[in-house]
$ cat input-v6.cif   # mmCIF, N, CA and C atoms
data_structure
loop_
_atom_site.label_atom_id
_atom_site.label_comp_id
_atom_site.auth_asym_id
_atom_site.auth_seq_id
_atom_site.Cartn_x
_atom_site.Cartn_y
_atom_site.Cartn_z
N MET Y 1 -26.35 109.95 62.40
CA MET Y 1 -26.48 110.74 63.60
C MET Y 1 -25.75 110.04 64.75
N ASP Y 2 -25.11 110.78 65.61
CA ASP Y 2 -24.34 110.22 66.71
C ASP Y 2 -25.20 109.65 67.83
N ASP Y 3 -26.46 110.08 67.93
CA ASP Y 3 -27.32 109.65 69.03
C ASP Y 3 -28.10 108.37 68.72
N GLY Y 4 -27.69 107.64 67.69
CA GLY Y 4 -28.39 106.42 67.33
C GLY Y 4 -29.55 106.67 66.39
N GLY Y 5 -29.72 107.92 65.94
CA GLY Y 5 -30.84 108.27 65.07
C GLY Y 5 -30.50 108.11 63.61
N LEU Y 6 -31.53 107.97 62.79
CA LEU Y 6 -31.37 107.81 61.36
C LEU Y 6 -32.52 108.51 60.65
N ARG Y 7 -32.19 109.39 59.74
CA ARG Y 7 -33.20 110.00 58.87
C ARG Y 7 -33.52 108.98 57.79
N VAL Y 8 -34.78 108.64 57.65
CA VAL Y 8 -35.19 107.62 56.70
C VAL Y 8 -35.31 108.27 55.33
N GLN Y 9 -34.45 107.87 54.41
CA GLN Y 9 -34.43 108.44 53.06
C GLN Y 9 -35.72 108.12 52.33
N GLY Y 10 -36.30 109.13 51.69
CA GLY Y 10 -37.48 108.93 50.87
C GLY Y 10 -38.75 108.64 51.64
N ALA Y 11 -38.78 108.97 52.92
CA ALA Y 11 -39.96 108.65 53.73
C ALA Y 11 -40.63 109.90 54.28
N ARG Y 12 -40.80 110.88 53.44
CA ARG Y 12 -41.49 112.10 53.85
C ARG Y 12 -42.92 111.75 54.24
N PRO Y 13 -43.36 112.18 55.41
CA PRO Y 13 -44.73 111.87 55.82
C PRO Y 13 -45.75 112.49 54.88
N SER Y 14 -46.86 111.80 54.68
CA SER Y 14 -47.96 112.30 53.86
C SER Y 14 -48.82 113.21 54.74
N VAL Y 15 -48.94 114.48 54.32
CA VAL Y 15 -49.62 115.48 55.14
C VAL Y 15 -50.70 116.17 54.32
N GLY Y 16 -51.88 116.31 54.93
CA GLY Y 16 -52.97 117.02 54.27
C GLY Y 16 -52.83 118.52 54.42
N GLN Y 17 -53.68 119.26 53.76
CA GLN Y 17 -53.63 120.72 53.82
C GLN Y 17 -53.87 121.26 55.23
N ASP Y 18 -54.51 120.46 56.06
CA ASP Y 18 -54.79 120.89 57.43
C ASP Y 18 -53.61 120.67 58.37
N GLY Y 19 -52.49 120.11 57.86
CA GLY Y 19 -51.30 119.89 58.69
C GLY Y 19 -51.29 118.58 59.44
N TYR Y 20 -52.28 117.72 59.20
CA TYR Y 20 -52.35 116.42 59.85
C TYR Y 20 -51.80 115.34 58.91
N THR Y 21 -51.24 114.29 59.50
CA THR Y 21 -50.78 113.17 58.68
C THR Y 21 -51.98 112.47 58.07
N THR Y 22 -51.84 112.00 56.86
CA THR Y 22 -52.95 111.32 56.18
C THR Y 22 -52.80 109.80 56.19
N GLU Y 23 -51.64 109.32 56.62
CA GLU Y 23 -51.40 107.88 56.69
C GLU Y 23 -50.75 107.53 58.02
N ALA Y 24 -51.02 106.32 58.48
CA ALA Y 24 -50.36 105.82 59.67
C ALA Y 24 -48.95 105.37 59.31
N ILE Y 25 -48.08 105.36 60.29
CA ILE Y 25 -46.74 104.80 60.15
C ILE Y 25 -46.67 103.64 61.13
N GLY Y 26 -46.25 102.48 60.63
CA GLY Y 26 -46.23 101.29 61.47
C GLY Y 26 -44.91 100.57 61.40
N LEU Y 27 -44.76 99.63 62.29
CA LEU Y 27 -43.53 98.87 62.45
C LEU Y 27 -43.87 97.40 62.52
N GLU Y 28 -43.07 96.59 61.85
CA GLU Y 28 -43.23 95.14 61.94
C GLU Y 28 -41.94 94.56 62.48
N THR Y 29 -42.06 93.73 63.51
CA THR Y 29 -40.94 92.97 64.05
C THR Y 29 -41.29 91.50 63.93
N ILE Y 30 -40.48 90.65 64.52
CA ILE Y 30 -40.76 89.22 64.46
C ILE Y 30 -42.09 88.89 65.13
N GLY Y 31 -42.54 89.75 66.05
CA GLY Y 31 -43.79 89.49 66.77
C GLY Y 31 -45.03 90.00 66.06
N GLY Y 32 -44.88 90.68 64.93
CA GLY Y 32 -46.03 91.19 64.22
C GLY Y 32 -45.94 92.69 64.02
N GLY Y 33 -47.05 93.30 63.63
CA GLY Y 33 -47.06 94.71 63.31
C GLY Y 33 -47.75 95.54 64.37
N VAL Y 34 -47.29 96.78 64.52
CA VAL Y 34 -47.93 97.73 65.43
C VAL Y 34 -47.99 99.09 64.75
N THR Y 35 -49.00 99.87 65.06
CA THR Y 35 -49.09 101.23 64.57
C THR Y 35 -48.29 102.11 65.51
N LEU Y 36 -47.38 102.89 64.95
CA LEU Y 36 -46.59 103.82 65.76
C LEU Y 36 -47.22 105.20 65.76
N LEU Y 37 -47.42 105.74 64.58
CA LEU Y 37 -48.04 107.06 64.43
C LEU Y 37 -49.35 106.87 63.69
N ALA Y 38 -50.44 107.21 64.31
CA ALA Y 38 -51.74 107.05 63.68
C ALA Y 38 -51.97 108.16 62.67
N ALA Y 39 -52.79 107.88 61.68
CA ALA Y 39 -53.20 108.93 60.75
C ALA Y 39 -53.93 109.99 61.56
N GLY Y 40 -53.73 111.25 61.19
CA GLY Y 40 -54.38 112.34 61.90
C GLY Y 40 -53.53 113.02 62.95
N CYS Y 41 -52.24 112.64 63.04
CA CYS Y 41 -51.32 113.30 63.97
C CYS Y 41 -51.00 114.71 63.46
N VAL Y 42 -50.89 115.65 64.38
CA VAL Y 42 -50.45 116.99 64.03
C VAL Y 42 -48.93 116.99 64.02
N LEU Y 43 -48.34 117.49 62.94
CA LEU Y 43 -46.88 117.51 62.84
C LEU Y 43 -46.30 118.75 63.50
N PRO Y 44 -45.13 118.66 64.10
CA PRO Y 44 -44.34 117.44 64.27
C PRO Y 44 -44.94 116.55 65.36
N CYS Y 45 -44.73 115.24 65.21
CA CYS Y 45 -45.20 114.30 66.22
C CYS Y 45 -44.16 113.19 66.39
N SER Y 46 -44.22 112.55 67.53
CA SER Y 46 -43.23 111.54 67.85
C SER Y 46 -43.87 110.51 68.78
N THR Y 47 -43.40 109.29 68.70
CA THR Y 47 -43.85 108.24 69.60
C THR Y 47 -42.72 107.26 69.82
N THR Y 48 -42.77 106.56 70.94
CA THR Y 48 -41.74 105.57 71.26
C THR Y 48 -42.42 104.24 71.57
N GLU Y 49 -41.89 103.18 70.99
CA GLU Y 49 -42.35 101.82 71.25
C GLU Y 49 -41.18 101.05 71.84
N THR Y 50 -41.42 100.34 72.92
CA THR Y 50 -40.37 99.55 73.57
C THR Y 50 -40.61 98.08 73.29
N PHE Y 51 -39.54 97.38 72.89
CA PHE Y 51 -39.65 95.95 72.65
C PHE Y 51 -38.37 95.29 73.10
N THR Y 52 -38.33 93.97 73.04
CA THR Y 52 -37.21 93.22 73.57
C THR Y 52 -36.69 92.22 72.54
N ILE Y 53 -35.63 91.54 72.90
CA ILE Y 53 -35.03 90.55 72.00
C ILE Y 53 -35.79 89.23 72.11
N SER Y 54 -35.70 88.43 71.05
CA SER Y 54 -36.45 87.17 71.03
C SER Y 54 -35.58 85.94 71.25
N ALA Y 55 -34.26 86.14 71.41
CA ALA Y 55 -33.36 85.01 71.64
C ALA Y 55 -32.28 85.44 72.63
N ASP Y 56 -31.80 84.51 73.43
CA ASP Y 56 -30.72 84.80 74.37
C ASP Y 56 -29.51 85.36 73.64
N ALA Y 57 -28.87 86.36 74.23
CA ALA Y 57 -27.62 86.97 73.74
C ALA Y 57 -27.76 87.67 72.38
N GLN Y 58 -28.97 87.94 71.95
CA GLN Y 58 -29.20 88.64 70.67
C GLN Y 58 -28.73 90.09 70.81
N THR Y 59 -27.97 90.58 69.84
CA THR Y 59 -27.47 91.96 69.90
C THR Y 59 -27.99 92.83 68.76
N GLN Y 60 -28.87 92.29 67.96
CA GLN Y 60 -29.47 93.08 66.89
C GLN Y 60 -30.91 92.64 66.65
N ILE Y 61 -31.70 93.59 66.12
CA ILE Y 61 -33.11 93.36 65.84
C ILE Y 61 -33.39 93.92 64.46
N THR Y 62 -34.17 93.21 63.67
CA THR Y 62 -34.57 93.71 62.35
C THR Y 62 -36.02 94.14 62.42
N VAL Y 63 -36.30 95.35 61.91
CA VAL Y 63 -37.66 95.88 61.89
C VAL Y 63 -37.97 96.37 60.49
N ARG Y 64 -39.26 96.38 60.14
CA ARG Y 64 -39.71 96.92 58.86
C ARG Y 64 -40.67 98.06 59.15
N LEU Y 65 -40.52 99.14 58.42
CA LEU Y 65 -41.36 100.31 58.59
C LEU Y 65 -42.34 100.38 57.43
N TYR Y 66 -43.61 100.70 57.74
CA TYR Y 66 -44.67 100.76 56.75
C TYR Y 66 -45.45 102.06 56.87
N ARG Y 67 -46.09 102.45 55.79
CA ARG Y 67 -47.05 103.56 55.82
C ARG Y 67 -48.37 103.02 55.28
N GLY Y 68 -49.45 103.60 55.77
CA GLY Y 68 -50.77 103.15 55.33
C GLY Y 68 -51.39 102.22 56.35
N ALA Y 69 -52.07 101.19 55.90
CA ALA Y 69 -52.77 100.26 56.79
C ALA Y 69 -51.75 99.42 57.55
N VAL Y 70 -51.72 99.60 58.85
CA VAL Y 70 -50.80 98.83 59.68
C VAL Y 70 -51.56 98.25 60.86
N GLY Y 71 -51.00 97.24 61.45
CA GLY Y 71 -51.62 96.56 62.58
C GLY Y 71 -51.11 95.14 62.62
N PRO Y 72 -51.82 94.23 63.28
CA PRO Y 72 -51.34 92.85 63.37
C PRO Y 72 -51.06 92.22 62.01
N ALA Y 73 -51.85 92.55 61.00
CA ALA Y 73 -51.59 92.05 59.65
C ALA Y 73 -51.17 93.26 58.81
N VAL Y 74 -49.87 93.50 58.76
CA VAL Y 74 -49.36 94.69 58.10
C VAL Y 74 -49.74 94.65 56.63
N GLY Y 75 -50.45 95.68 56.18
CA GLY Y 75 -50.91 95.73 54.81
C GLY Y 75 -50.54 97.02 54.12
N GLY Y 76 -49.64 97.78 54.71
CA GLY Y 76 -49.26 99.07 54.14
C GLY Y 76 -48.12 98.97 53.15
N GLN Y 77 -47.70 100.12 52.68
CA GLN Y 77 -46.58 100.22 51.74
C GLN Y 77 -45.28 100.22 52.52
N ALA Y 78 -44.35 99.35 52.14
CA ALA Y 78 -43.07 99.26 52.83
C ALA Y 78 -42.27 100.54 52.62
N ILE Y 79 -41.75 101.09 53.72
CA ILE Y 79 -40.86 102.24 53.66
C ILE Y 79 -39.42 101.76 53.65
N GLY Y 80 -39.13 100.73 54.42
CA GLY Y 80 -37.78 100.19 54.46
C GLY Y 80 -37.62 99.18 55.57
N GLU Y 81 -36.49 98.48 55.52
CA GLU Y 81 -36.14 97.52 56.54
C GLU Y 81 -34.86 98.01 57.21
N PHE Y 82 -34.81 97.86 58.54
CA PHE Y 82 -33.70 98.42 59.30
C PHE Y 82 -33.23 97.41 60.34
N ARG Y 83 -31.92 97.41 60.56
CA ARG Y 83 -31.33 96.55 61.57
C ARG Y 83 -30.87 97.44 62.72
N ILE Y 84 -31.34 97.16 63.91
CA ILE Y 84 -30.92 97.88 65.11
C ILE Y 84 -29.79 97.05 65.70
N GLU Y 85 -28.58 97.62 65.72
CA GLU Y 85 -27.38 96.91 66.14
C GLU Y 85 -26.80 97.49 67.42
N GLY Y 86 -25.97 96.70 68.07
CA GLY Y 86 -25.28 97.17 69.27
C GLY Y 86 -26.17 97.18 70.49
N CYS Y 87 -27.20 96.35 70.46
CA CYS Y 87 -28.09 96.24 71.61
C CYS Y 87 -27.36 95.53 72.75
N VAL Y 88 -27.73 95.83 73.96
CA VAL Y 88 -27.15 95.17 75.12
C VAL Y 88 -27.58 93.71 75.10
N SER Y 89 -26.63 92.82 75.27
CA SER Y 89 -26.91 91.39 75.26
C SER Y 89 -27.49 90.96 76.61
N GLY Y 90 -28.32 89.93 76.57
CA GLY Y 90 -28.90 89.40 77.80
C GLY Y 90 -29.83 88.26 77.49
N PRO Y 91 -30.48 87.72 78.51
CA PRO Y 91 -31.43 86.64 78.27
C PRO Y 91 -32.65 87.14 77.50
N ARG Y 92 -33.24 86.25 76.76
CA ARG Y 92 -34.44 86.57 75.98
C ARG Y 92 -35.46 87.29 76.87
N GLY Y 93 -36.01 88.39 76.34
CA GLY Y 93 -37.04 89.13 77.05
C GLY Y 93 -36.54 90.14 78.07
N VAL Y 94 -35.24 90.16 78.37
CA VAL Y 94 -34.73 91.07 79.40
C VAL Y 94 -34.29 92.42 78.83
N PRO Y 95 -33.36 92.46 77.87
CA PRO Y 95 -32.99 93.78 77.34
C PRO Y 95 -34.19 94.45 76.69
N GLU Y 96 -34.36 95.74 76.93
CA GLU Y 96 -35.46 96.49 76.33
C GLU Y 96 -34.89 97.59 75.45
N ILE Y 97 -35.39 97.65 74.23
CA ILE Y 97 -34.95 98.65 73.26
C ILE Y 97 -36.12 99.58 73.00
N ALA Y 98 -35.88 100.88 73.14
CA ALA Y 98 -36.90 101.89 72.86
C ALA Y 98 -36.62 102.45 71.47
N LEU Y 99 -37.61 102.36 70.59
CA LEU Y 99 -37.50 102.90 69.24
C LEU Y 99 -38.43 104.11 69.15
N THR Y 100 -37.85 105.25 68.80
CA THR Y 100 -38.64 106.47 68.67
C THR Y 100 -38.75 106.84 67.20
N VAL Y 101 -39.96 107.09 66.74
CA VAL Y 101 -40.23 107.54 65.38
C VAL Y 101 -40.71 108.98 65.50
N THR Y 102 -40.07 109.87 64.74
CA THR Y 102 -40.45 111.28 64.75
C THR Y 102 -40.78 111.68 63.32
N ALA Y 103 -41.92 112.32 63.14
CA ALA Y 103 -42.33 112.82 61.83
C ALA Y 103 -42.42 114.34 61.89
N THR Y 104 -41.82 114.98 60.90
CA THR Y 104 -41.96 116.41 60.72
C THR Y 104 -42.58 116.59 59.33
N GLY Y 105 -42.74 117.80 58.89
CA GLY Y 105 -43.28 118.02 57.56
C GLY Y 105 -42.34 117.57 56.45
N ARG Y 106 -41.07 117.38 56.78
CA ARG Y 106 -40.07 117.02 55.77
C ARG Y 106 -39.46 115.64 55.95
N ASP Y 107 -39.40 115.18 57.19
CA ASP Y 107 -38.62 113.98 57.49
C ASP Y 107 -39.35 112.98 58.36
N LEU Y 108 -38.84 111.76 58.29
CA LEU Y 108 -39.20 110.71 59.22
C LEU Y 108 -37.86 110.22 59.78
N THR Y 109 -37.71 110.24 61.09
CA THR Y 109 -36.45 109.80 61.69
C THR Y 109 -36.72 108.70 62.70
N LEU Y 110 -35.74 107.83 62.86
CA LEU Y 110 -35.78 106.75 63.84
C LEU Y 110 -34.61 106.95 64.80
N ALA Y 111 -34.83 106.67 66.06
CA ALA Y 111 -33.76 106.71 67.06
C ALA Y 111 -34.00 105.57 68.04
N THR Y 112 -32.93 104.98 68.55
CA THR Y 112 -33.07 103.87 69.49
C THR Y 112 -32.17 104.07 70.70
N ARG Y 113 -32.61 103.51 71.80
CA ARG Y 113 -31.85 103.52 73.05
C ARG Y 113 -32.13 102.24 73.80
N ASP Y 114 -31.10 101.74 74.48
CA ASP Y 114 -31.29 100.66 75.42
C ASP Y 114 -31.94 101.28 76.66
N VAL Y 115 -33.06 100.76 77.10
CA VAL Y 115 -33.82 101.36 78.20
C VAL Y 115 -33.01 101.39 79.49
N ARG Y 116 -32.34 100.31 79.81
CA ARG Y 116 -31.62 100.23 81.08
C ARG Y 116 -30.36 101.08 81.10
N SER Y 117 -29.51 100.94 80.08
CA SER Y 117 -28.23 101.66 80.08
C SER Y 117 -28.32 103.06 79.50
N LYS Y 118 -29.41 103.35 78.79
CA LYS Y 118 -29.62 104.63 78.09
C LYS Y 118 -28.67 104.79 76.90
N ALA Y 119 -27.90 103.76 76.57
CA ALA Y 119 -26.97 103.82 75.43
C ALA Y 119 -27.74 103.76 74.12
N ALA Y 120 -27.29 104.56 73.15
CA ALA Y 120 -27.90 104.54 71.82
C ALA Y 120 -27.45 103.29 71.08
N CYS Y 121 -28.37 102.69 70.34
CA CYS Y 121 -28.05 101.59 69.44
C CYS Y 121 -27.90 102.19 68.04
N ARG Y 122 -27.26 101.47 67.15
CA ARG Y 122 -27.12 101.93 65.77
C ARG Y 122 -28.29 101.42 64.95
N ILE Y 123 -28.72 102.24 63.98
CA ILE Y 123 -29.76 101.82 63.05
C ILE Y 123 -29.15 101.82 61.66
N VAL Y 124 -29.21 100.65 61.01
CA VAL Y 124 -28.60 100.47 59.70
C VAL Y 124 -29.68 100.08 58.71
N PRO Y 125 -29.84 100.83 57.61
CA PRO Y 125 -30.79 100.38 56.58
C PRO Y 125 -30.34 99.05 55.98
N VAL Y 126 -31.28 98.15 55.76
CA VAL Y 126 -30.99 96.87 55.13
C VAL Y 126 -31.29 97.01 53.66
N PRO Y 127 -30.30 96.78 52.80
CA PRO Y 127 -30.56 96.92 51.35
C PRO Y 127 -31.63 95.96 50.88
N VAL Y 128 -32.48 96.45 49.97
CA VAL Y 128 -33.52 95.61 49.38
C VAL Y 128 -32.87 94.70 48.36
N THR Y 129 -33.18 93.41 48.45
CA THR Y 129 -32.58 92.45 47.51
C THR Y 129 -33.62 91.90 46.57
#

$ encode --input "input-v6.cif" --output "structure tokens"
Amino acid sequence: MDDGGLRVQGARPSVGQDGYTTEAIGLETIGGGVTLLAAGCVLPCSTTETFTISADAQTQITVRLYRGAVGPAVGGQAIGEFRIEGCVSGPRGVPEIALTVTATGRDLTLATRDVRSKAACRIVPVPVT
């Protein structure tokens, strides 16, 4: 996608007959895990989490996406690992990257933007080794 978005292959949200998500979707970065979409969301749903770089002049961030039990001790099923590239460089803690996760009945998509410049960053799946 041209806007910095990426459809996550094989990550169809788990949805109950009532149209609500049955599992949480979470994110793990170097700082730990956070829940992005809680179980029980009505689809379509979307949320944005803003985070920053952990080293001076860092231009990329690696994140892992999980489904199921997520939180400070990520215990869910791994969906994939992704590298957010093309981030604005700056001192540690200054550049802010907004990551948006959107779930529909068919897809899970990720999109990123630099908060200050509004420029889209690229999201690249990291191959599992």

$ residues_near_point --input "input-v6.cif" --point "(-43.0, 112.7, 60.0)" --cutoff "8 Å" --atoms "only N, CA and C atoms" --output "short mmCIF file (atom, residue, chain, number, x, y, z; two decimals) with N, CA and C atoms, in the coordinates of the input"
data_model
loop_
_atom_site.label_atom_id
_atom_site.label_comp_id
_atom_site.auth_asym_id
_atom_site.auth_seq_id
_atom_site.Cartn_x
_atom_site.Cartn_y
_atom_site.Cartn_z
N ALA Y 11 -38.78 108.97 52.92
CA ALA Y 11 -39.96 108.65 53.73
C ALA Y 11 -40.63 109.90 54.28
N ARG Y 12 -40.80 110.88 53.44
CA ARG Y 12 -41.49 112.10 53.85
C ARG Y 12 -42.92 111.75 54.24
N PRO Y 13 -43.36 112.18 55.41
CA PRO Y 13 -44.73 111.87 55.82
C PRO Y 13 -45.75 112.49 54.88
N SER Y 14 -46.86 111.80 54.68
CA SER Y 14 -47.96 112.30 53.86
C SER Y 14 -48.82 113.21 54.74
N THR Y 21 -51.24 114.29 59.50
CA THR Y 21 -50.78 113.17 58.68
C THR Y 21 -51.98 112.47 58.07
N LEU Y 43 -48.34 117.49 62.94
CA LEU Y 43 -46.88 117.51 62.84
C LEU Y 43 -46.30 118.75 63.50
N PRO Y 44 -45.13 118.66 64.10
CA PRO Y 44 -44.34 117.44 64.27
C PRO Y 44 -44.94 116.55 65.36
N CYS Y 45 -44.73 115.24 65.21
CA CYS Y 45 -45.20 114.30 66.22
C CYS Y 45 -44.16 113.19 66.39
N SER Y 46 -44.22 112.55 67.53
CA SER Y 46 -43.23 111.54 67.85
C SER Y 46 -43.87 110.51 68.78
N VAL Y 101 -39.96 107.09 66.74
CA VAL Y 101 -40.23 107.54 65.38
C VAL Y 101 -40.71 108.98 65.50
N THR Y 102 -40.07 109.87 64.74
CA THR Y 102 -40.45 111.28 64.75
C THR Y 102 -40.78 111.68 63.32
N ALA Y 103 -41.92 112.32 63.14
CA ALA Y 103 -42.33 112.82 61.83
C ALA Y 103 -42.42 114.34 61.89
N THR Y 104 -41.82 114.98 60.90
CA THR Y 104 -41.96 116.41 60.72
C THR Y 104 -42.58 116.59 59.33
N GLY Y 105 -42.74 117.80 58.89
CA GLY Y 105 -43.28 118.02 57.56
C GLY Y 105 -42.34 117.57 56.45
N ARG Y 106 -41.07 117.38 56.78
CA ARG Y 106 -40.07 117.02 55.77
C ARG Y 106 -39.46 115.64 55.95
N ASP Y 107 -39.40 115.18 57.19
CA ASP Y 107 -38.62 113.98 57.49
C ASP Y 107 -39.35 112.98 58.36
N LEU Y 108 -38.84 111.76 58.29
CA LEU Y 108 -39.20 110.71 59.22
C LEU Y 108 -37.86 110.22 59.78
N THR Y 109 -37.71 110.24 61.09
CA THR Y 109 -36.45 109.80 61.69
C THR Y 109 -36.72 108.70 62.70
#

$ residues_near_point --input "input-v6.cif" --point "(-37.7, 99.2, 58.1)" --cutoff "6.5 Å" --atoms "all atoms listed in the file" --output "list in words"
Val63, Arg64, Leu65, Tyr66, Ile79, Gly80, Glu81 and Phe82 of chain Y

$ atom_distance --input "input-v6.cif" --atom1 "CA of Leu36 in chain Y" --atom2 "CA of Thr50 in chain Y"
10.9 Å

$ closest_residue --input "input-v6.cif" --among "Y:Thr22, Y:Thr29, Y:Ser54, Y:Thr59" --to "Val42 in chain Y" --atoms "only C-alpha atoms"
Y:Thr22

$ atom_distance --input "input-v6.cif" --atom1 "CA of Thr52 in chain Y" --atom2 "atom C of Pro91 in chain Y"
8.6 Å

$ axis_aligned_box --input "input-v6.cif" --around "range 106-112 of chain Y" --padding-each-side "8 Å" --output "lines of an AutoDock Vina configuration file"
center_x = -36.6
center_y = 110.6
center_z = 63.2
size_x = 24.9
size_y = 29.5
size_z = 30.9

$ decode --input "input-v6.cif" --residues "range 30-55 of chain Y" --atoms "N, CA and C atoms" --output "CSV table (one decimal), in the first residue's frame"
chain,number,residue,atom,x,y,z
Y,30,ILE,N,10.6,-3.5,21.8
Y,30,ILE,CA,11.7,-3.7,22.7
Y,30,ILE,C,11.3,-3.4,24.2
Y,31,GLY,N,10.3,-2.6,24.3
Y,31,GLY,CA,9.9,-2.2,25.7
Y,31,GLY,C,8.9,-3.1,26.3
Y,32,GLY,N,8.4,-4.2,25.6
Y,32,GLY,CA,7.5,-5.1,26.1
Y,32,GLY,C,6.2,-5.2,25.3
Y,33,GLY,N,5.2,-5.8,25.8
Y,33,GLY,CA,4.0,-6.0,25.1
Y,33,GLY,C,2.8,-5.1,25.5
Y,34,VAL,N,2.0,-4.8,24.5
Y,34,VAL,CA,0.8,-4.0,24.8
Y,34,VAL,C,-0.4,-4.6,24.0
Y,35,THR,N,-1.6,-4.5,24.6
Y,35,THR,CA,-2.8,-4.9,23.9
Y,35,THR,C,-3.2,-3.8,23.0
Y,36,LEU,N,-3.4,-4.0,21.7
Y,36,LEU,CA,-3.9,-3.0,20.8
Y,36,LEU,C,-5.4,-3.1,20.7
Y,37,LEU,N,-5.9,-4.3,20.3
Y,37,LEU,CA,-7.3,-4.5,20.1
Y,37,LEU,C,-7.8,-5.5,21.2
Y,38,ALA,N,-8.6,-5.1,22.0
Y,38,ALA,CA,-9.1,-6.1,23.1
Y,38,ALA,C,-10.1,-7.1,22.5
Y,39,ALA,N,-10.2,-8.2,23.1
Y,39,ALA,CA,-11.2,-9.2,22.7
Y,39,ALA,C,-12.6,-8.5,23.0
Y,40,GLY,N,-13.5,-8.7,22.1
Y,40,GLY,CA,-14.9,-8.1,22.3
Y,40,GLY,C,-15.1,-6.9,21.5
Y,41,CYS,N,-14.2,-6.5,20.6
Y,41,CYS,CA,-14.3,-5.3,19.7
Y,41,CYS,C,-15.4,-5.7,18.7
Y,42,VAL,N,-16.2,-4.7,18.3
Y,42,VAL,CA,-17.1,-4.9,17.2
Y,42,VAL,C,-16.4,-4.5,15.9
Y,43,LEU,N,-16.5,-5.4,14.9
Y,43,LEU,CA,-15.8,-5.2,13.7
Y,43,LEU,C,-16.6,-4.3,12.7
Y,44,PRO,N,-16.0,-3.5,11.9
Y,44,PRO,CA,-14.6,-3.2,11.9
Y,44,PRO,C,-14.2,-2.3,13.1
Y,45,CYS,N,-12.9,-2.5,13.5
Y,45,CYS,CA,-12.4,-1.7,14.6
Y,45,CYS,C,-10.9,-1.3,14.3
Y,46,SER,N,-10.5,-0.3,15.0
Y,46,SER,CA,-9.1,0.2,14.7
Y,46,SER,C,-8.6,0.9,15.9
Y,47,THR,N,-7.3,0.9,16.1
Y,47,THR,CA,-6.7,1.6,17.2
Y,47,THR,C,-5.3,2.0,16.8
Y,48,THR,N,-4.8,3.0,17.4
Y,48,THR,CA,-3.5,3.6,17.1
Y,48,THR,C,-2.6,3.6,18.4
Y,49,GLU,N,-1.4,3.1,18.4
Y,49,GLU,CA,-0.5,3.2,19.5
Y,49,GLU,C,0.7,4.0,19.0
Y,50,THR,N,1.1,4.9,19.8
Y,50,THR,CA,2.3,5.8,19.5
Y,50,THR,C,3.5,5.4,20.3
Y,51,PHE,N,4.6,5.2,19.7
Y,51,PHE,CA,5.8,4.9,20.4
Y,51,PHE,C,7.0,5.6,19.8
Y,52,THR,N,8.2,5.4,20.4
Y,52,THR,CA,9.4,6.2,19.9
Y,52,THR,C,10.5,5.2,19.7
Y,53,ILE,N,11.6,5.8,19.2
Y,53,ILE,CA,12.8,5.0,19.0
Y,53,ILE,C,13.6,4.9,20.3
Y,54,SER,N,14.4,3.8,20.4
Y,54,SER,CA,15.2,3.5,21.6
Y,54,SER,C,16.6,3.9,21.5
Y,55,ALA,N,17.1,4.4,20.4
Y,55,ALA,CA,18.5,4.8,20.2
Y,55,ALA,C,18.6,6.0,19.3
